[in-house]
$ cat input_35.pdb   # PDB, C-alpha atoms and all ligand atoms
MODEL        1
ATOM      1  CA  MET A 271       0.000   0.000   0.000
ATOM      2  CA  LEU A 272       1.272   3.481  -0.807
ATOM      3  CA  THR A 273       1.593   5.924   2.034
ATOM      4  CA  HIS A 274       0.292   9.457   1.782
ATOM      5  CA  ALA A 275       2.567  12.357   2.570
ATOM      6  CA  THR A 276       2.151  14.480   5.689
ATOM      7  CA  VAL A 277       1.491  18.209   5.294
ATOM      8  CA  GLU A 278       5.182  18.920   5.822
ATOM      9  CA  GLU A 279       6.139  16.349   3.194
ATOM     10  CA  SER A 280       3.620  17.767   0.734
ATOM     11  CA  GLN A 281       5.340  21.124   1.097
ATOM     12  CA  LYS A 282       8.693  19.490   0.398
ATOM     13  CA  LEU A 283       7.209  17.798  -2.627
ATOM     14  CA  GLU A 284       5.913  21.122  -3.887
ATOM     15  CA  ALA A 285       9.434  22.556  -3.615
ATOM     16  CA  VAL A 286      10.794  19.580  -5.568
ATOM     17  CA  ARG A 287       8.071  20.088  -8.176
ATOM     18  CA  SER A 288       9.120  23.706  -8.743
ATOM     19  CA  ARG A 289      12.706  22.601  -9.232
ATOM     20  CA  LEU A 290      11.767  19.794 -11.590
ATOM     21  CA  MET A 291       9.639  22.137 -13.689
ATOM     22  CA  GLU A 292      12.862  23.900 -14.647
ATOM     23  CA  GLY A 293      14.737  20.738 -15.605
ATOM     24  CA  GLN A 294      14.463  18.172 -18.366
ATOM     25  CA  ARG A 295      11.163  16.320 -18.416
ATOM     26  CA  SER A 296      11.299  13.479 -20.900
ATOM     27  CA  ARG A 297      10.340   9.884 -20.208
ATOM     28  CA  GLY A 298      14.032   9.086 -20.010
ATOM     29  CA  SER A 299      14.285  11.288 -16.944
ATOM     30  CA  LEU A 300      11.758   9.190 -14.993
ATOM     31  CA  ILE A 301      14.339   7.334 -12.845
ATOM     32  CA  PRO A 302      16.482  10.418 -12.079
ATOM     33  CA  ILE A 303      13.311  12.314 -11.087
ATOM     34  CA  LEU A 304      12.215   9.510  -8.761
ATOM     35  CA  GLN A 305      15.728   9.415  -7.298
ATOM     36  CA  THR A 306      15.610  13.153  -6.646
ATOM     37  CA  ILE A 307      12.286  12.869  -4.845
ATOM     38  CA  GLN A 308      13.411   9.915  -2.781
ATOM     39  CA  LYS A 309      16.626  11.737  -1.838
ATOM     40  CA  GLU A 310      14.603  14.711  -0.616
ATOM     41  CA  MET A 311      11.850  12.797   1.135
ATOM     42  CA  GLY A 312      13.352   9.414   1.979
ATOM     43  CA  TYR A 313      10.571   7.610   0.096
ATOM     44  CA  LEU A 314       8.008   8.001  -2.685
ATOM     45  CA  PRO A 315       4.594   8.909  -1.291
ATOM     46  CA  ALA A 316       1.493   8.379  -3.457
ATOM     47  CA  GLU A 317       1.468  12.107  -4.231
ATOM     48  CA  ALA A 318       4.977  11.830  -5.698
ATOM     49  CA  LEU A 319       3.807   9.265  -8.239
ATOM     50  CA  ASP A 320       0.942  11.546  -9.268
ATOM     51  CA  LEU A 321       3.327  14.465  -9.527
ATOM     52  CA  VAL A 322       5.774  12.570 -11.722
ATOM     53  CA  ALA A 323       2.943  11.214 -13.876
ATOM     54  CA  GLY A 324       1.725  14.767 -14.438
ATOM     55  CA  LEU A 325       5.200  16.049 -15.241
ATOM     56  CA  LEU A 326       5.928  13.324 -17.784
ATOM     57  CA  ASN A 327       2.402  12.976 -19.070
ATOM     58  CA  ILE A 328       2.088   9.275 -18.293
ATOM     59  CA  SER A 329      -0.196   7.398 -15.882
ATOM     60  CA  ALA A 330       0.560   7.099 -12.170
ATOM     61  CA  GLY A 331       0.183   3.324 -12.572
ATOM     62  CA  GLU A 332       2.969   3.327 -15.121
ATOM     63  CA  VAL A 333       5.220   5.345 -12.801
ATOM     64  CA  TYR A 334       4.496   2.916  -9.968
ATOM     65  CA  GLY A 335       5.158  -0.050 -12.275
ATOM     66  CA  VAL A 336       8.612   1.256 -13.129
ATOM     67  CA  ALA A 337       9.469   2.387  -9.584
ATOM     68  CA  SER A 338       8.427  -0.898  -7.994
ATOM     69  CA  PHE A 339      10.733  -2.750 -10.371
ATOM     70  CA  TYR A 340      13.764  -1.235  -8.671
ATOM     71  CA  ASN A 341      14.809  -2.140  -5.125
ATOM     72  CA  GLN A 342      16.209   1.316  -4.525
ATOM     73  CA  PHE A 343      12.738   2.872  -4.276
ATOM     74  CA  ARG A 344      10.599   2.645  -1.189
ATOM     75  CA  PHE A 345       6.953   3.525  -0.820
ATOM     76  CA  ASN A 346       6.854   3.815   2.943
ATOM     77  CA  PRO A 347       8.514   6.569   4.958
ATOM     78  CA  PRO A 348      11.678   5.612   6.817
ATOM     79  CA  GLY A 349      11.002   5.262  10.536
ATOM     80  CA  LYS A 350      12.801   7.288  13.176
ATOM     81  CA  HIS A 351      14.520   4.009  14.035
ATOM     82  CA  GLN A 352      15.451   1.980  10.995
ATOM     83  CA  ILE A 353      15.794  -1.740  11.515
ATOM     84  CA  LYS A 354      17.444  -3.836   8.837
ATOM     85  CA  VAL A 355      17.541  -7.584   9.201
ATOM     86  CA  CYS A 356      20.208  -9.330   7.149
ATOM     87  CA  LEU A 357      18.951 -12.266   5.164
ATOM     88  CA  GLY A 358      22.121 -12.990   3.227
ATOM     89  CA  THR A 359      23.089 -16.650   3.082
ATOM     90  CA  ALA A 360      25.046 -16.858   6.355
ATOM     91  CA  CYS A 361      22.381 -14.974   8.314
ATOM     92  CA  HIS A 362      19.554 -16.918   6.696
ATOM     93  CA  VAL A 363      21.208 -20.226   7.589
ATOM     94  CA  ARG A 364      21.608 -19.103  11.187
ATOM     95  CA  GLY A 365      17.983 -18.098  11.633
ATOM     96  CA  GLY A 366      17.787 -14.572  10.211
ATOM     97  CA  ASP A 367      14.201 -15.203   9.090
ATOM     98  CA  ILE A 368      13.186 -16.046  12.671
ATOM     99  CA  ILE A 369      14.744 -12.767  13.822
ATOM    100  CA  LEU A 370      12.793 -10.930  11.134
ATOM    101  CA  GLU A 371       9.582 -12.612  12.314
ATOM    102  CA  ASN A 372      10.347 -11.509  15.858
ATOM    103  CA  PHE A 373      10.584  -7.883  14.755
ATOM    104  CA  GLU A 374       7.441  -8.197  12.636
ATOM    105  CA  ARG A 375       5.497  -9.540  15.602
ATOM    106  CA  LYS A 376       6.910  -7.020  18.035
ATOM    107  CA  LEU A 377       6.172  -4.038  15.763
ATOM    108  CA  ASP A 378       3.029  -5.485  14.226
ATOM    109  CA  ILE A 379       4.169  -4.649  10.715
ATOM    110  CA  LYS A 380       5.543  -6.628   7.806
ATOM    111  CA  GLU A 381       9.015  -6.055   6.445
ATOM    112  CA  GLY A 382       9.117  -3.142   4.004
ATOM    113  CA  HIS A 383       6.709  -1.189   6.210
ATOM    114  CA  THR A 384       6.772   1.554   8.821
ATOM    115  CA  THR A 385       4.774   1.710  12.038
ATOM    116  CA  GLU A 386       1.887   4.165  11.975
ATOM    117  CA  ASP A 387       3.602   6.507  14.414
ATOM    118  CA  ARG A 388       6.644   6.414  12.102
ATOM    119  CA  GLU A 389       8.866   5.366  14.984
ATOM    120  CA  PHE A 390      10.141   2.162  13.342
ATOM    121  CA  SER A 391      10.650   0.892   9.830
ATOM    122  CA  LEU A 392      11.648  -2.665   9.105
ATOM    123  CA  GLU A 393      13.358  -4.096   6.074
ATOM    124  CA  ARG A 394      15.318  -7.110   4.966
ATOM    125  CA  VAL A 395      18.717  -6.549   3.434
ATOM    126  CA  ALA A 396      21.291  -8.662   1.639
ATOM    127  CA  CYS A 397      24.662  -9.488   3.232
ATOM    128  CA  VAL A 398      25.981  -6.531   5.201
ATOM    129  CA  GLY A 399      29.504  -7.910   5.248
ATOM    130  CA  CYS A 400      29.939  -9.317   8.741
ATOM    131  CA  CYS A 401      28.836 -12.908   8.230
ATOM    132  CA  ALA A 402      31.012 -14.123  11.124
ATOM    133  CA  LEU A 403      28.505 -12.420  13.458
ATOM    134  CA  ALA A 404      25.431 -13.992  11.812
ATOM    135  CA  PRO A 405      22.549 -13.522  12.262
ATOM    136  CA  VAL A 406      23.022  -9.772  12.001
ATOM    137  CA  VAL A 407      20.700  -6.798  12.447
ATOM    138  CA  LEU A 408      21.390  -3.129  11.810
ATOM    139  CA  MET A 409      19.506  -0.719  13.980
ATOM    140  CA  ASN A 410      20.075   2.885  12.968
ATOM    141  CA  GLU A 411      23.144   1.647  11.092
ATOM    142  CA  LYS A 412      24.676   0.108  14.245
ATOM    143  CA  THR A 413      25.525  -3.565  13.821
ATOM    144  CA  HIS A 414      24.163  -6.136  16.260
ATOM    145  CA  GLY A 415      25.551  -9.640  15.827
ATOM    146  CA  TYR A 416      24.633 -13.114  17.079
ATOM    147  CA  MET A 417      20.987 -12.035  17.229
ATOM    148  CA  SER A 418      18.441 -14.116  19.091
ATOM    149  CA  PRO A 419      14.798 -13.515  20.065
ATOM    150  CA  SER A 420      15.869 -12.342  23.533
ATOM    151  CA  LYS A 421      18.321  -9.903  21.947
ATOM    152  CA  VAL A 422      15.456  -8.493  19.870
ATOM    153  CA  GLU A 423      13.623  -7.759  23.115
ATOM    154  CA  GLY A 424      16.838  -6.343  24.547
ATOM    155  CA  LEU A 425      17.176  -3.813  21.735
ATOM    156  CA  PHE A 426      13.714  -2.427  22.444
ATOM    157  CA  THR A 427      14.433  -2.300  26.164
ATOM    158  CA  GLN A 428      17.636  -0.339  25.471
ATOM    159  CA  LEU A 429      15.720   2.133  23.314
ATOM    160  CA  GLU A 430      13.096   2.532  26.001
ATOM    161  CA  ILE A 431      15.759   3.221  28.637
ATOM    162  CA  ALA A 432      17.533   5.745  26.368
ATOM    163  CA  LYS A 433      14.206   7.482  25.684
ATOM    164  CA  LYS A 434      13.332   7.746  29.378
ATOM    165  CA  LYS A 435      16.817   9.033  30.140
ATOM    166  CA  SER A 436      16.609  11.782  27.531
ATOM    167  CA  GLU A 437      13.108  12.737  28.717
ATOM    168  CA  SER A 438      14.256  13.016  32.332
ATOM    169  CA  ASN A 439      17.313  15.042  31.223
ATOM    170  CA  LYS A 440      14.983  17.433  29.401
ATOM    171  CA  THR A 441      12.803  17.748  32.496
ATOM    172  CA  ASP A 442      15.862  18.354  34.695
ATOM    173  CA  GLY A 443      17.129  20.988  32.282
ATOM    174  CA  SER A 444      13.851  22.908  32.230
ATOM    175  CA  GLU A 445      13.583  23.150  35.996
TER     176      GLU A 445
HETATM  177  S1  LIG A 501      24.927 -12.831   5.320
HETATM  178 FE1  LIG A 501      24.414 -11.480   6.922
HETATM  179  S2  LIG A 501      26.249 -10.416   7.224
HETATM  180 FE2  LIG A 501      26.703 -11.690   5.550
ENDMDL
END
$ encode --input "input_35.pdb" --output "C-alpha cells"
Amino acid sequence: MLTHATVEESQKLEAVRSRLMEGQRSRGSLIPILQTIQKEMGYLPAEALDLVAGLLNISAGEVYGVASFYNQFRFNPPGKHQIKVCLGTACHVRGGDIILENFERKLDIKEGHTTEDREFSLERVACVGCCALAPVVLMNEKTHGYMSPSKVEGLFTQLEIAKKKSESNKTDGSE
C-alpha cells in the first residue's frame, strides 16, 4: 500500500516540483526524477507518483510499475529508528528469518513497512559484510551480531531506557 505524505512532506514535494519544472522532463528522466524525490523525502509517497505522472504525461500506474521494479525505491517513509535484518546466506542459515519474524510480531508490521507513528521501519537486506557475526541486524546503522529472540527484546528495552533518560534530562534541564 502506498503511504500518503504528511502536510510537511507535501510542502517538500511542492518545492521539488518547482525545481523539476525547470529541468528536463522526458520519459528518459523518470528514474532520475524519482531518485531526486526519494533523496529529498526518503521515500516516494502516493502524491509523488501523481506528480511525476503529471510532469511526464504518463499514468501514475505506469510510474508505480517502473518504480516498484527497482529495489532502490521505497513507498513507505523511513522510521525514526530503521531496523534492517540481514537475510544474506550466512544470516539466513543461522535463523535470520526467525529474527525478522520476531521484529514483525513485536512491531506489528511486515518487512518493508513503517509503524503508523513512524517510529520504526523494518526491512530485509542482503549481506551486510559481517557474516562471522550472523545472524546480524542493523539498527540505525549500528551492527548487532549473534541475534536471538531475547536480543530483539533487549534492543527495544535499550531504546526505552535511552528514551526515558533523555526525557528526564529534558525535564531536569527545564527546571
Ligand atoms: S549474510 Fe548477513 S552479514 Fe553476511
$ closest_residue --input "input_35.pdb" --among "A:Asn341, A:Thr413, A:Gln352, A:Ser329" --to "ligand LIG 501 (chain A)" --atoms "all atoms listed in the file"
A:Thr413
$ closest_residue --input "input_35.pdb" --among "A:Gln342, A:Ser296, A:Ser288, A:Thr359" --to "ligand LIG 501 (chain A)" --atoms "all atoms listed in the file"
A:Thr359
$ residues_near_ligand --input "input_35.pdb" --ligand "ligand LIG 501 (chain A)" --cutoff "7 Å" --atoms "all atoms listed in the file" --output "short mmCIF file (atom, residue, chain, number, x, y, z; two decimals) with C-alpha atoms, in the frame of the given file"
data_model
loop_
_atom_site.label_atom_id
_atom_site.label_comp_id
_atom_site.auth_asym_id
_atom_site.auth_seq_id
_atom_site.Cartn_x
_atom_site.Cartn_y
_atom_site.Cartn_z
CA CYS A 356 20.21 -9.33 7.15
CA LEU A 357 18.95 -12.27 5.16
CA GLY A 358 22.12 -12.99 3.23
CA THR A 359 23.09 -16.65 3.08
CA ALA A 360 25.05 -16.86 6.36
CA CYS A 361 22.38 -14.97 8.31
CA HIS A 362 19.55 -16.92 6.70
CA ALA A 396 21.29 -8.66 1.64
CA CYS A 397 24.66 -9.49 3.23
CA VAL A 398 25.98 -6.53 5.20
CA GLY A 399 29.50 -7.91 5.25
CA CYS A 400 29.94 -9.32 8.74
CA CYS A 401 28.84 -12.91 8.23
CA LEU A 403 28.50 -12.42 13.46
CA ALA A 404 25.43 -13.99 11.81
CA PRO A 405 22.55 -13.52 12.26
CA VAL A 406 23.02 -9.77 12.00
#
$ residues_around --input "input_35.pdb" --residues "stretch 319-327 of chain A" --least-positions-apart "3" --cutoff "12 Å" --atoms "all atoms listed in the file" --output "compact mmCIF listing (two decimals) with C-alpha atoms, in the frame of the given file"
# COMPACT_ATOMS: atom_id res chain seq x y z
CA LEU A 272 1.27 3.48 -0.81
CA THR A 273 1.59 5.92 2.03
CA HIS A 274 0.29 9.46 1.78
CA ALA A 275 2.57 12.36 2.57
CA SER A 280 3.62 17.77 0.73
CA LEU A 283 7.21 17.80 -2.63
CA GLU A 284 5.91 21.12 -3.89
CA ALA A 285 9.43 22.56 -3.62
CA VAL A 286 10.79 19.58 -5.57
CA ARG A 287 8.07 20.09 -8.18
CA SER A 288 9.12 23.71 -8.74
CA ARG A 289 12.71 22.60 -9.23
CA LEU A 290 11.77 19.79 -11.59
CA MET A 291 9.64 22.14 -13.69
CA GLU A 292 12.86 23.90 -14.65
CA GLY A 293 14.74 20.74 -15.60
CA GLN A 294 14.46 18.17 -18.37
CA ARG A 295 11.16 16.32 -18.42
CA SER A 296 11.30 13.48 -20.90
CA ARG A 297 10.34 9.88 -20.21
CA GLY A 298 14.03 9.09 -20.01
CA SER A 299 14.28 11.29 -16.94
CA LEU A 300 11.76 9.19 -14.99
CA ILE A 301 14.34 7.33 -12.84
CA PRO A 302 16.48 10.42 -12.08
CA ILE A 303 13.31 12.31 -11.09
CA LEU A 304 12.22 9.51 -8.76
CA GLN A 305 15.73 9.41 -7.30
CA THR A 306 15.61 13.15 -6.65
CA ILE A 307 12.29 12.87 -4.84
CA GLN A 308 13.41 9.91 -2.78
CA TYR A 313 10.57 7.61 0.10
CA LEU A 314 8.01 8.00 -2.68
CA PRO A 315 4.59 8.91 -1.29
CA ALA A 316 1.49 8.38 -3.46
CA ALA A 330 0.56 7.10 -12.17
CA GLY A 331 0.18 3.32 -12.57
CA GLU A 332 2.97 3.33 -15.12
CA VAL A 333 5.22 5.34 -12.80
CA TYR A 334 4.50 2.92 -9.97
CA GLY A 335 5.16 -0.05 -12.28
CA VAL A 336 8.61 1.26 -13.13
CA ALA A 337 9.47 2.39 -9.58
CA SER A 338 8.43 -0.90 -7.99
CA PHE A 343 12.74 2.87 -4.28
CA ARG A 344 10.60 2.64 -1.19
CA PHE A 345 6.95 3.52 -0.82
$ closest_residue --input "input_35.pdb" --among "A:Ala402, A:Met417, A:Ile328, A:Ile379" --to "A:Asp367" --atoms "only C-alpha atoms"
A:Met417
$ atom_distance --input "input_35.pdb" --atom1 "atom CA of A:Glu381" --atom2 "atom CA of A:Val422"
15.1 Å
$ atom_distance --input "input_35.pdb" --atom1 "atom CA of A:Lys412" --atom2 "atom CA of A:Val355"
11.6 Å
$ atom_distance --input "input_35.pdb" --atom1 "atom CA of A:His383" --atom2 "atom CA of A:Asn410"
15.5 Å
$ resolve_selection --input "input_35.pdb" --expression "the PyMOL selection byres (((chain A and resi 391) around 8) and not hetatm)" --output "MDAnalysis selection string"
chainID A and resid 347:353 381:385 388:390 392:393
$ closest_residue --input "input_35.pdb" --among "A:Val363, A:Met311, A:Lys421, A:Asn346" --to "A:Lys380" --atoms "all atoms listed in the file"
A:Asn346
$ closest_residue --input "input_35.pdb" --among "A:Leu377, A:Val277, A:Ile369, A:Ala318" --to "A:Tyr416" --atoms "all atoms listed in the file"
A:Ile369
$ closest_residue --input "input_35.pdb" --among "A:Lys435, A:Phe426, A:Asp387, A:Val395" --to "A:Phe373" --atoms "only C-alpha atoms"
A:Phe426
